[in-house]
Structure formats: C-alpha cells, structure tokens
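structure-v9.pdb, holding PDB, C-alpha atoms:
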```pdb
ATOM      1  CA  MET A   8     -22.132  31.904 -13.153
ATOM      2  CA  VAL A   9     -23.997  30.133 -10.462
ATOM      3  CA  ASP A  10     -21.617  28.617  -7.934
ATOM      4  CA  LYS A  11     -22.780  25.564  -6.114
ATOM      5  CA  VAL A  12     -19.383  24.370  -5.237
ATOM      6  CA  TYR A  13     -17.730  22.667  -2.341
ATOM      7  CA  ASP A  14     -14.288  24.157  -2.226
ATOM      8  CA  GLY A  15     -13.467  21.512   0.284
ATOM      9  CA  PHE A  16     -10.038  20.485   1.440
ATOM     10  CA  TYR A  17      -9.216  19.586  -2.127
ATOM     11  CA  ILE A  18      -8.300  22.952  -3.534
ATOM     12  CA  TYR A  19      -5.147  22.424  -5.536
ATOM     13  CA  PHE A  20      -2.983  24.727  -7.598
ATOM     14  CA  CYS A  21      -1.323  23.591 -10.812
ATOM     15  CA  SER A  22      -0.238  26.213 -13.308
ATOM     16  CA  THR A  23      -1.166  25.660 -16.918
ATOM     17  CA  GLY A  24       0.333  27.152 -20.048
ATOM     18  CA  PRO A  25      -1.479  29.705 -22.174
ATOM     19  CA  ASP A  26      -3.975  27.687 -24.167
ATOM     20  CA  GLY A  27      -6.760  29.913 -25.344
ATOM     21  CA  LEU A  28      -8.284  30.603 -21.954
ATOM     22  CA  GLY A  29      -5.701  33.293 -21.378
ATOM     23  CA  GLU A  30      -2.390  33.503 -19.610
ATOM     24  CA  ALA A  31      -1.183  30.724 -17.344
ATOM     25  CA  MET A  32      -3.539  30.366 -14.434
ATOM     26  CA  PRO A  33      -4.048  27.944 -11.601
ATOM     27  CA  VAL A  34      -6.281  24.939 -11.981
ATOM     28  CA  HIS A  35      -8.356  24.184  -8.940
ATOM     29  CA  ARG A  36      -9.492  20.726  -8.000
ATOM     30  CA  VAL A  37     -13.041  21.222  -6.845
ATOM     31  CA  ARG A  38     -15.210  18.711  -5.103
ATOM     32  CA  PHE A  39     -18.956  18.756  -5.737
ATOM     33  CA  ASP A  40     -21.731  17.127  -3.813
ATOM     34  CA  PRO A  41     -23.849  15.751  -6.682
ATOM     35  CA  LYS A  42     -26.956  16.616  -4.668
ATOM     36  CA  ASP A  43     -26.132  20.290  -5.250
ATOM     37  CA  ILE A  44     -26.108  19.717  -9.001
ATOM     38  CA  TRP A  45     -28.767  17.102  -9.631
ATOM     39  CA  GLY A  46     -30.865  17.109  -6.453
ATOM     40  CA  ASN A  47     -32.523  13.786  -5.894
ATOM     41  CA  LEU A  48     -31.504  12.505  -9.315
ATOM     42  CA  SER A  49     -28.064  11.934  -7.810
ATOM     43  CA  GLU A  50     -26.804   8.956  -5.852
ATOM     44  CA  PRO A  51     -26.054   9.052  -2.149
ATOM     45  CA  LYS A  52     -22.552   8.836  -0.739
ATOM     46  CA  SER A  53     -20.778  10.012  -3.875
ATOM     47  CA  TRP A  54     -18.584  12.939  -4.790
ATOM     48  CA  VAL A  55     -17.657  14.456  -8.131
ATOM     49  CA  TYR A  56     -14.199  15.967  -8.521
ATOM     50  CA  ALA A  57     -13.414  18.274 -11.420
ATOM     51  CA  ASP A  58     -10.260  20.152 -12.344
ATOM     52  CA  ILE A  59     -11.410  23.648 -13.168
ATOM     53  CA  PHE A  60      -9.414  26.533 -14.604
ATOM     54  CA  GLU A  61      -9.542  29.525 -12.305
ATOM     55  CA  THR A  62     -11.202  31.717 -14.910
ATOM     56  CA  TYR A  63     -14.310  29.553 -14.609
ATOM     57  CA  LEU A  64     -14.607  30.061 -10.892
ATOM     58  CA  GLU A  65     -16.125  32.955  -9.031
ATOM     59  CA  ALA A  66     -14.989  33.688  -5.528
ATOM     60  CA  ILE A  67     -17.745  34.203  -2.993
TER      61      ILE A  67
ATOM     62  CA  MET B   8     -30.312   9.055 -24.263
ATOM     63  CA  SER B   9     -29.182   5.718 -25.689
ATOM     64  CA  GLU B  10     -31.385   6.400 -28.712
ATOM     65  CA  ARG B  11     -29.826   9.764 -29.294
ATOM     66  CA  PHE B  12     -26.331   8.353 -29.304
ATOM     67  CA  ALA B  13     -27.119   4.997 -30.858
ATOM     68  CA  TYR B  14     -24.405   3.649 -33.091
ATOM     69  CA  THR B  15     -25.170   2.391 -36.602
ATOM     70  CA  GLU B  16     -24.753  -1.320 -37.329
ATOM     71  CA  ASP B  17     -22.017  -0.737 -39.887
ATOM     72  CA  ARG B  18     -19.949   1.557 -37.684
ATOM     73  CA  GLU B  19     -16.811  -0.592 -37.841
ATOM     74  CA  VAL B  20     -16.941  -1.129 -41.588
ATOM     75  CA  TYR B  21     -17.701   2.522 -42.256
ATOM     76  CA  ASN B  22     -14.970   3.857 -39.983
ATOM     77  CA  THR B  23     -12.371   1.461 -41.401
ATOM     78  CA  ALA B  24     -13.185   2.533 -44.937
ATOM     79  CA  ARG B  25     -13.031   6.174 -43.959
ATOM     80  CA  ALA B  26      -9.705   5.763 -42.153
ATOM     81  CA  LYS B  27      -8.205   3.997 -45.166
ATOM     82  CA  ALA B  28      -9.454   6.711 -47.489
ATOM     83  CA  LEU B  29      -7.970   9.414 -45.260
ATOM     84  CA  GLU B  30      -4.668   7.595 -45.035
ATOM     85  CA  SER B  31      -4.443   7.224 -48.825
ATOM     86  CA  LEU B  32      -5.260  10.867 -49.328
ATOM     87  CA  LEU B  33      -2.672  12.039 -46.805
ATOM     88  CA  ILE B  34      -0.008   9.854 -48.412
ATOM     89  CA  GLU B  35      -0.999  11.092 -51.849
ATOM     90  CA  LYS B  36      -0.607  14.675 -50.681
ATOM     91  CA  GLY B  37       2.790  13.897 -49.212
ATOM     92  CA  LEU B  38       1.734  14.770 -45.663
ATOM     93  CA  ILE B  39       2.576  11.347 -44.273
ATOM     94  CA  THR B  40       4.377   8.311 -45.619
ATOM     95  CA  SER B  41       3.024   4.809 -45.892
ATOM     96  CA  GLU B  42       4.974   3.928 -42.756
ATOM     97  CA  THR B  43       3.693   6.732 -40.549
ATOM     98  CA  VAL B  44       0.474   5.156 -39.364
ATOM     99  CA  ASP B  45       2.164   1.808 -38.806
ATOM    100  CA  LYS B  46       4.812   3.463 -36.724
ATOM    101  CA  VAL B  47       2.286   5.193 -34.484
ATOM    102  CA  LEU B  48       0.286   1.980 -34.106
ATOM    103  CA  LYS B  49       3.414   0.078 -33.206
ATOM    104  CA  TYR B  50       4.261   2.638 -30.562
ATOM    105  CA  PHE B  51       0.936   1.949 -28.879
ATOM    106  CA  GLU B  52       1.523  -1.780 -29.148
ATOM    107  CA  THR B  53       4.957  -1.795 -27.595
ATOM    108  CA  ASP B  54       5.606   1.424 -25.698
ATOM    109  CA  MET B  55       2.410   3.113 -24.525
ATOM    110  CA  GLY B  56      -0.208   0.726 -23.286
ATOM    111  CA  PRO B  57      -1.933  -0.937 -20.349
ATOM    112  CA  PHE B  58       1.054  -3.264 -19.966
ATOM    113  CA  ASN B  59       2.802  -0.298 -18.356
ATOM    114  CA  GLY B  60      -0.073   0.375 -16.010
ATOM    115  CA  ALA B  61      -0.253  -3.258 -14.977
ATOM    116  CA  LYS B  62       3.415  -3.245 -13.991
ATOM    117  CA  LEU B  63       2.875  -0.055 -12.013
ATOM    118  CA  VAL B  64      -0.034  -1.510 -10.056
ATOM    119  CA  ALA B  65       1.683  -4.830  -9.411
ATOM    120  CA  LYS B  66       4.694  -3.039  -8.018
ATOM    121  CA  ALA B  67       2.512  -0.861  -5.783
ATOM    122  CA  TRP B  68       0.807  -3.991  -4.481
ATOM    123  CA  VAL B  69       4.049  -5.683  -3.416
ATOM    124  CA  ASP B  70       6.024  -2.618  -2.342
ATOM    125  CA  SER B  71       4.180  -0.368   0.115
ATOM    126  CA  ASP B  72       6.864   2.335   0.018
ATOM    127  CA  PHE B  73       6.543   2.541  -3.739
ATOM    128  CA  LYS B  74       2.768   2.673  -3.384
ATOM    129  CA  ALA B  75       3.099   5.607  -1.001
ATOM    130  CA  ARG B  76       5.373   7.390  -3.474
ATOM    131  CA  LEU B  77       2.984   6.632  -6.330
ATOM    132  CA  LEU B  78       0.104   8.249  -4.493
ATOM    133  CA  ALA B  79       2.117  11.217  -3.253
ATOM    134  CA  ASP B  80       3.960  12.144  -6.461
ATOM    135  CA  THR B  81       2.674  10.079  -9.329
ATOM    136  CA  PRO B  82       4.907  11.334 -12.175
ATOM    137  CA  ALA B  83       8.055  10.849 -10.058
ATOM    138  CA  ALA B  84       7.091   7.288  -9.155
ATOM    139  CA  ILE B  85       6.336   6.484 -12.790
ATOM    140  CA  ALA B  86       9.737   7.881 -13.749
ATOM    141  CA  GLU B  87      11.315   5.313 -11.402
ATOM    142  CA  MET B  88      10.061   2.457 -13.556
ATOM    143  CA  SER B  89      12.126   1.513 -16.572
ATOM    144  CA  PHE B  90       9.340   2.331 -18.980
ATOM    145  CA  PRO B  91       9.999   3.364 -22.565
ATOM    146  CA  ARG B  92      10.745   6.967 -23.329
ATOM    147  CA  GLY B  93       7.735   9.225 -23.515
ATOM    148  CA  MET B  94       5.914   8.532 -20.275
ATOM    149  CA  ALA B  95       5.762  12.221 -19.473
ATOM    150  CA  GLY B  96       4.788  12.992 -23.054
ATOM    151  CA  ALA B  97       1.501  12.984 -24.886
ATOM    152  CA  GLU B  98      -1.368  12.809 -22.376
ATOM    153  CA  GLY B  99       1.082  11.826 -19.673
ATOM    154  CA  GLU B 100       2.277  15.203 -18.566
ATOM    155  CA  ASN B 101       0.336  15.306 -15.348
ATOM    156  CA  MET B 102      -0.703  11.902 -14.146
ATOM    157  CA  GLU B 103      -2.317  11.400 -10.767
ATOM    158  CA  CYS B 104      -3.196   8.149  -9.099
ATOM    159  CA  VAL B 105      -6.066   7.542  -6.681
ATOM    160  CA  GLU B 106      -6.387   4.440  -4.584
ATOM    161  CA  ASN B 107      -9.385   2.139  -4.316
ATOM    162  CA  THR B 108      -9.998   0.676  -0.872
ATOM    163  CA  PRO B 109     -12.802  -1.412   0.597
ATOM    164  CA  SER B 110     -14.507   1.821   1.652
ATOM    165  CA  VAL B 111     -13.710   4.113  -1.288
ATOM    166  CA  HIS B 112     -14.217   3.377  -4.960
ATOM    167  CA  ASN B 113     -12.843   5.798  -7.540
ATOM    168  CA  LEU B 114     -14.076   6.089 -11.125
ATOM    169  CA  ILE B 115     -12.380   8.141 -13.840
ATOM    170  CA  VAL B 116     -14.235   9.874 -16.636
ATOM    171  CA  CYS B 117     -13.637  12.653 -19.119
ATOM    172  CA  THR B 118     -17.028  14.264 -19.564
ATOM    173  CA  LEU B 119     -15.765  16.682 -22.196
ATOM    174  CA  CYS B 120     -14.098  14.173 -24.538
ATOM    175  CA  SER B 121     -12.081  11.122 -23.541
ATOM    176  CA  CYS B 122      -8.845  12.279 -21.941
ATOM    177  CA  TYR B 123      -6.997   9.183 -20.829
ATOM    178  CA  PRO B 124      -3.514   8.522 -19.415
ATOM    179  CA  TRP B 125      -2.062   7.184 -22.689
ATOM    180  CA  PRO B 126       1.437   6.297 -21.511
ATOM    181  CA  ILE B 127       0.213   3.805 -18.965
ATOM    182  CA  LEU B 128      -3.112   2.732 -20.429
ATOM    183  CA  GLY B 129      -2.779   3.256 -24.182
ATOM    184  CA  LEU B 130      -5.741   4.529 -26.189
ATOM    185  CA  PRO B 131      -9.174   4.697 -24.573
ATOM    186  CA  PRO B 132     -11.738   1.974 -25.254
ATOM    187  CA  TYR B 133     -15.156   2.583 -26.822
ATOM    188  CA  TYR B 134     -17.118   2.691 -23.586
ATOM    189  CA  TYR B 135     -14.921   5.438 -22.225
ATOM    190  CA  LYS B 136     -15.564   7.613 -25.286
ATOM    191  CA  ASP B 137     -19.298   6.952 -25.296
ATOM    192  CA  PRO B 138     -21.404  10.087 -24.613
ATOM    193  CA  SER B 139     -23.837   8.120 -22.443
ATOM    194  CA  PHE B 140     -21.038   6.854 -20.225
ATOM    195  CA  ARG B 141     -19.488  10.280 -19.963
ATOM    196  CA  ALA B 142     -22.805  11.892 -19.038
ATOM    197  CA  ARG B 143     -24.086   9.219 -16.673
ATOM    198  CA  ALA B 144     -20.871   8.349 -14.840
ATOM    199  CA  VAL B 145     -20.831  11.692 -13.019
ATOM    200  CA  ARG B 146     -24.437  11.588 -11.963
ATOM    201  CA  GLU B 147     -25.160   7.902 -11.376
ATOM    202  CA  PRO B 148     -21.824   6.077 -11.067
ATOM    203  CA  ARG B 149     -23.219   3.147  -9.113
ATOM    204  CA  ALA B 150     -25.903   2.487 -11.714
ATOM    205  CA  VAL B 151     -23.317   2.582 -14.506
ATOM    206  CA  LEU B 152     -20.928   0.299 -12.627
ATOM    207  CA  LYS B 153     -23.765  -2.132 -11.999
ATOM    208  CA  GLU B 154     -24.337  -2.303 -15.742
ATOM    209  CA  PHE B 155     -20.654  -3.154 -16.092
ATOM    210  CA  GLY B 156     -21.122  -5.966 -13.604
ATOM    211  CA  LEU B 157     -19.714  -4.268 -10.515
ATOM    212  CA  VAL B 158     -22.104  -3.937  -7.605
ATOM    213  CA  LEU B 159     -20.884  -1.710  -4.790
ATOM    214  CA  ASP B 160     -22.219  -1.849  -1.273
ATOM    215  CA  ASP B 161     -24.168   1.240  -0.149
ATOM    216  CA  SER B 162     -21.538   1.865   2.527
ATOM    217  CA  VAL B 163     -18.817   2.395  -0.078
ATOM    218  CA  GLU B 164     -18.083   6.009  -0.931
ATOM    219  CA  VAL B 165     -17.866   6.621  -4.675
ATOM    220  CA  ARG B 166     -15.596   9.350  -6.060
ATOM    221  CA  VAL B 167     -15.865  10.299  -9.705
ATOM    222  CA  TRP B 168     -12.860  12.165 -11.130
ATOM    223  CA  ASP B 169     -13.500  14.261 -14.211
ATOM    224  CA  SER B 170     -10.273  14.774 -16.165
ATOM    225  CA  SER B 171     -11.413  18.214 -17.184
ATOM    226  CA  ALA B 172      -8.068  19.982 -17.247
ATOM    227  CA  GLN B 173      -4.498  18.802 -17.677
ATOM    228  CA  ILE B 174      -4.416  16.125 -15.027
ATOM    229  CA  ARG B 175      -4.774  12.535 -16.243
ATOM    230  CA  TRP B 176      -6.312  10.497 -13.469
ATOM    231  CA  PHE B 177      -6.098   6.750 -13.068
ATOM    232  CA  VAL B 178      -6.952   4.264 -10.376
ATOM    233  CA  LEU B 179      -4.842   1.963  -8.257
ATOM    234  CA  PRO B 180      -7.277  -0.948  -7.908
ATOM    235  CA  GLU B 181      -7.533  -3.024  -4.749
ATOM    236  CA  ARG B 182      -5.316  -6.060  -4.600
ATOM    237  CA  PRO B 183      -7.569  -9.119  -4.939
ATOM    238  CA  LEU B 184      -7.716 -11.680  -2.132
ATOM    239  CA  GLY B 185      -5.826 -14.906  -2.497
ATOM    240  CA  THR B 186      -2.858 -13.330  -4.251
ATOM    241  CA  GLU B 187      -0.369 -13.378  -1.400
ATOM    242  CA  LYS B 188       1.892 -15.936  -3.042
ATOM    243  CA  MET B 189       1.889 -14.415  -6.518
ATOM    244  CA  THR B 190       4.944 -12.828  -8.065
ATOM    245  CA  GLU B 191       4.899  -9.272  -9.341
ATOM    246  CA  ALA B 192       4.703 -10.527 -12.923
ATOM    247  CA  GLU B 193       1.774 -12.785 -12.073
ATOM    248  CA  LEU B 194       0.000  -9.963 -10.276
ATOM    249  CA  ALA B 195       0.364  -7.761 -13.339
ATOM    250  CA  THR B 196      -1.774 -10.233 -15.318
ATOM    251  CA  LEU B 197      -4.696  -9.482 -12.991
ATOM    252  CA  VAL B 198      -4.630  -5.767 -13.712
ATOM    253  CA  THR B 199      -6.988  -4.835 -16.533
ATOM    254  CA  PRO B 200      -7.218  -1.372 -18.100
ATOM    255  CA  GLU B 201     -10.824  -1.220 -16.888
ATOM    256  CA  SER B 202      -9.700  -1.717 -13.308
ATOM    257  CA  MET B 203      -7.336   1.231 -13.670
ATOM    258  CA  ILE B 204     -10.253   3.434 -14.663
ATOM    259  CA  GLY B 205     -12.421   2.094 -11.876
ATOM    260  CA  ALA B 206     -14.960   0.545 -14.235
ATOM    261  CA  THR B 207     -14.275  -2.857 -12.702
ATOM    262  CA  LYS B 208     -12.108  -4.348 -10.005
ATOM    263  CA  ALA B 209      -8.907  -6.236 -10.807
ATOM    264  CA  LYS B 210      -9.288  -9.870 -11.802
ATOM    265  CA  THR B 211      -9.225 -12.524  -9.111
ATOM    266  CA  PRO B 212      -6.738 -15.397  -9.455
ATOM    267  CA  VAL B 213      -9.516 -17.922 -10.114
ATOM    268  CA  SER B 214     -10.703 -16.127 -13.234
ATOM    269  CA  VAL B 215      -7.259 -15.834 -14.860
TER     270      VAL B 215
END
```

structure tokens encoding of this file:
Amino acid sequence: MVDKVYDGFYIYFCSTGPDGLGEAMPVHRVRFDPKDIWGNLSEPKSWVYADIFETYLEAI
Amino acid sequence: MSERFAYTEDREVYNTARAKALESLLIEKGLITSETVDKVLKYFETDMGPFNGAKLVAKAWVDSDFKARLLADTPAAIAEMSFPRGMAGAEGENMECVENTPSVHNLIVCTLCSCYPWPILGLPPYYYKDPSFRARAVREPRAVLKEFGLVLDDSVEVRVWDSSAQIRWFVLPERPLGTEKMTEAELATLVTPESMIGATKAKTPVSV
C-alpha cells in the first residue's frame, strides 16, 4: 500500500472491538495534505483528517 | 459526476411506497409490530435530534469552562447535560467536537457512507448522504461550501474530518456577532444542524 501520509502531531490511539478487521487494534487519526493525494486538483490551505485502523497503515 | 449519481424525479414517491411495502411485509411476518416504526420515529423526534446539539453549542458559547471540557473530553461533557438516555448509544459511542474559529473552518464528512452523530444531530440529511458531496468534500471543500452559500476567505484554514472509523465528529460553530445579550435558549435557536457539520455557519440574529 502506497503511503503518502502525514503522521503529524495528530496520531491518536483508540482501541476498537473486533469487527471483522481482526482483533481489537488502535485507530490512528492521520492528517493528510490533500496535495499529496490529488496534486494540483486539491485546494490550498486545507487538511484532510481520517481515522484509520492500524491494519491499513504501513510503518515506514 | 452529478450525472452518474443523478436522482430520479419520483424518488420520494418511490421510496415512500417501498418503505410502506417493507413495513407491511415485516409486520405480516411478525418481525415487527405496527407500533415499532412509530416508536423509532418518535425517538428521533423527541430524544435524539439536533435540538440536543443546539443546547450543547449554546452552553459552550456562554460557558467557556464547559466549552473547554467539551473540546477536551466530548463524551464526558455531553454526559453533563440532562439529555435523554442513550446519548452514548447508537452512533454516539465516540463523539468528538472540533471548534470553528475565524481562522479555522472544520467540515465533517463520511466518505464511506454517512456516519453522523445521531444522539446530538438526529438522522443525516440528504446532502450528507449524497455520493457527490462525500467525494468532493474531501478534495474541494471550499468549492462545495461555496455552493452551499458559504464563502471562506483564502486565509482561513479548512480541515475536513472523515468519520471513517468509530469516532463521530461534529463542529462547534463560531458564535455569531451581535448575540451578546441573548439567553442560552435564544442562542440555541441560531444553531442549525448544518452549522454543526460545518456546511454553514450558525444563523445570525437578524435572520432568525
């Protein structure tokens, strides 16, 4: 999985229950710079925050 | 994209007929009673709805300590209010509040479906469930807000929160100018569900 992620100062840990993705795992709040996702189709001065289950993230 | 997700003209009529047919069938099969649907609807009319959210915002506007608590530990602050039972229930288990200021505007979306903080805002409106809104809000929030009638200055930072896991985000809108003399109850009338999603700002006293 290609990671173009800003794990900025918004990493956050909330445990979830088992729900099909596997055993309880942390959910990380990840902040994206939309430029990294959509290039110049994105708007300036904006951020996208998503709550992502750890299993979807790859440490680099 | 609007073409791809265009609604049919008879959407309302069709969906009503379908809902009625489903309800009849479920009653016939003994899975629900004729009172079940009414009961659930009533719950959303009296217990879980934007009237709760409005009270929450109004209180945060007049009480800065409460506002601080609301932003720091949202579920605990909500539990302080004498809301009906069930605030930490369906779609309310993990609520988080973000604050709009003159320099930061927050917008909530659920790109995957339409996750919404039911206990304090009720059921989500059509626009929030619309695939075009859900797709465009993350990539071009300012353009979408402009279509809703809200024009943000270029200097304002826009934050889009995708409720993609268990957290149910909502917005504490800015307190409108000219409201210094209003009571908490009067302030609550300015708080629309759209303003608590960040799709608009709260109403100004003139437009009430």

**OP:** For chain B, work out the contacting residues on chain A at 9 Å, counting only C-alpha atoms, and write them as JSON, numbers by chain.
**Re:** {"A": [21, 23, 34, 41, 44, 45, 48, 49, 50, 51, 52, 53, 54, 55, 56, 57, 58, 59, 60]}

**OP:** Identify, on the basis of only C-alpha atoms, every residue whose closest approach to Lys62 of chain B does not exceed 8 Å; exclude the query and any residue fewer than 4 positions from it along the same chain; express the result as a list in words.
**Re:**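 Once the nearby chain positions are removed, what remains is Phe58, Lys66, Glu191, Ala192 and Ala195 of chain B.
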
Just want the 12 Å neighbourhood of segment 206-215 of chain B, counted on all atoms listed in the file, with same-chain residues fewer than 5 positions away dropped. Output as a CSV table (one decimal) with C-alpha atoms, in the frame of the given file.
```csv
chain,number,residue,atom,x,y,z
B,61,ALA,CA,-0.3,-3.3,-15.0
B,64,VAL,CA,0.0,-1.5,-10.1
B,65,ALA,CA,1.7,-4.8,-9.4
B,68,TRP,CA,0.8,-4.0,-4.5
B,106,GLU,CA,-6.4,4.4,-4.6
B,107,ASN,CA,-9.4,2.1,-4.3
B,108,THR,CA,-10.0,0.7,-0.9
B,109,PRO,CA,-12.8,-1.4,0.6
B,112,HIS,CA,-14.2,3.4,-5.0
B,113,ASN,CA,-12.8,5.8,-7.5
B,114,LEU,CA,-14.1,6.1,-11.1
B,115,ILE,CA,-12.4,8.1,-13.8
B,116,VAL,CA,-14.2,9.9,-16.6
B,132,PRO,CA,-11.7,2.0,-25.3
B,134,TYR,CA,-17.1,2.7,-23.6
B,135,TYR,CA,-14.9,5.4,-22.2
B,140,PHE,CA,-21.0,6.9,-20.2
B,144,ALA,CA,-20.9,8.3,-14.8
B,148,PRO,CA,-21.8,6.1,-11.1
B,149,ARG,CA,-23.2,3.1,-9.1
B,150,ALA,CA,-25.9,2.5,-11.7
B,151,VAL,CA,-23.3,2.6,-14.5
B,152,LEU,CA,-20.9,0.3,-12.6
B,153,LYS,CA,-23.8,-2.1,-12.0
B,154,GLU,CA,-24.3,-2.3,-15.7
B,155,PHE,CA,-20.7,-3.2,-16.1
B,156,GLY,CA,-21.1,-6.0,-13.6
B,157,LEU,CA,-19.7,-4.3,-10.5
B,158,VAL,CA,-22.1,-3.9,-7.6
B,159,LEU,CA,-20.9,-1.7,-4.8
B,165,VAL,CA,-17.9,6.6,-4.7
B,167,VAL,CA,-15.9,10.3,-9.7
B,177,PHE,CA,-6.1,6.8,-13.1
B,178,VAL,CA,-7.0,4.3,-10.4
B,179,LEU,CA,-4.8,2.0,-8.3
B,180,PRO,CA,-7.3,-0.9,-7.9
B,181,GLU,CA,-7.5,-3.0,-4.7
B,182,ARG,CA,-5.3,-6.1,-4.6
B,183,PRO,CA,-7.6,-9.1,-4.9
B,184,LEU,CA,-7.7,-11.7,-2.1
B,185,GLY,CA,-5.8,-14.9,-2.5
B,186,THR,CA,-2.9,-13.3,-4.3
B,187,GLU,CA,-0.4,-13.4,-1.4
B,188,LYS,CA,1.9,-15.9,-3.0
B,189,MET,CA,1.9,-14.4,-6.5
B,193,GLU,CA,1.8,-12.8,-12.1
B,194,LEU,CA,0.0,-10.0,-10.3
B,195,ALA,CA,0.4,-7.8,-13.3
B,196,THR,CA,-1.8,-10.2,-15.3
B,197,LEU,CA,-4.7,-9.5,-13.0
B,198,VAL,CA,-4.6,-5.8,-13.7
B,199,THR,CA,-7.0,-4.8,-16.5
B,200,PRO,CA,-7.2,-1.4,-18.1
B,201,GLU,CA,-10.8,-1.2,-16.9
```

Original post:
What is the distance, in Å and to one decimal place, between atom CA of Leu48 of chain B and atom CA of Ala95 of chain B?
Top reply: 18.7 Å

Subject >> Straight-line distance linking atom CA of Asn22 of chain B with atom CA of Gly37 of chain B, stated in Å to one decimal >> reply: 22.4 Å
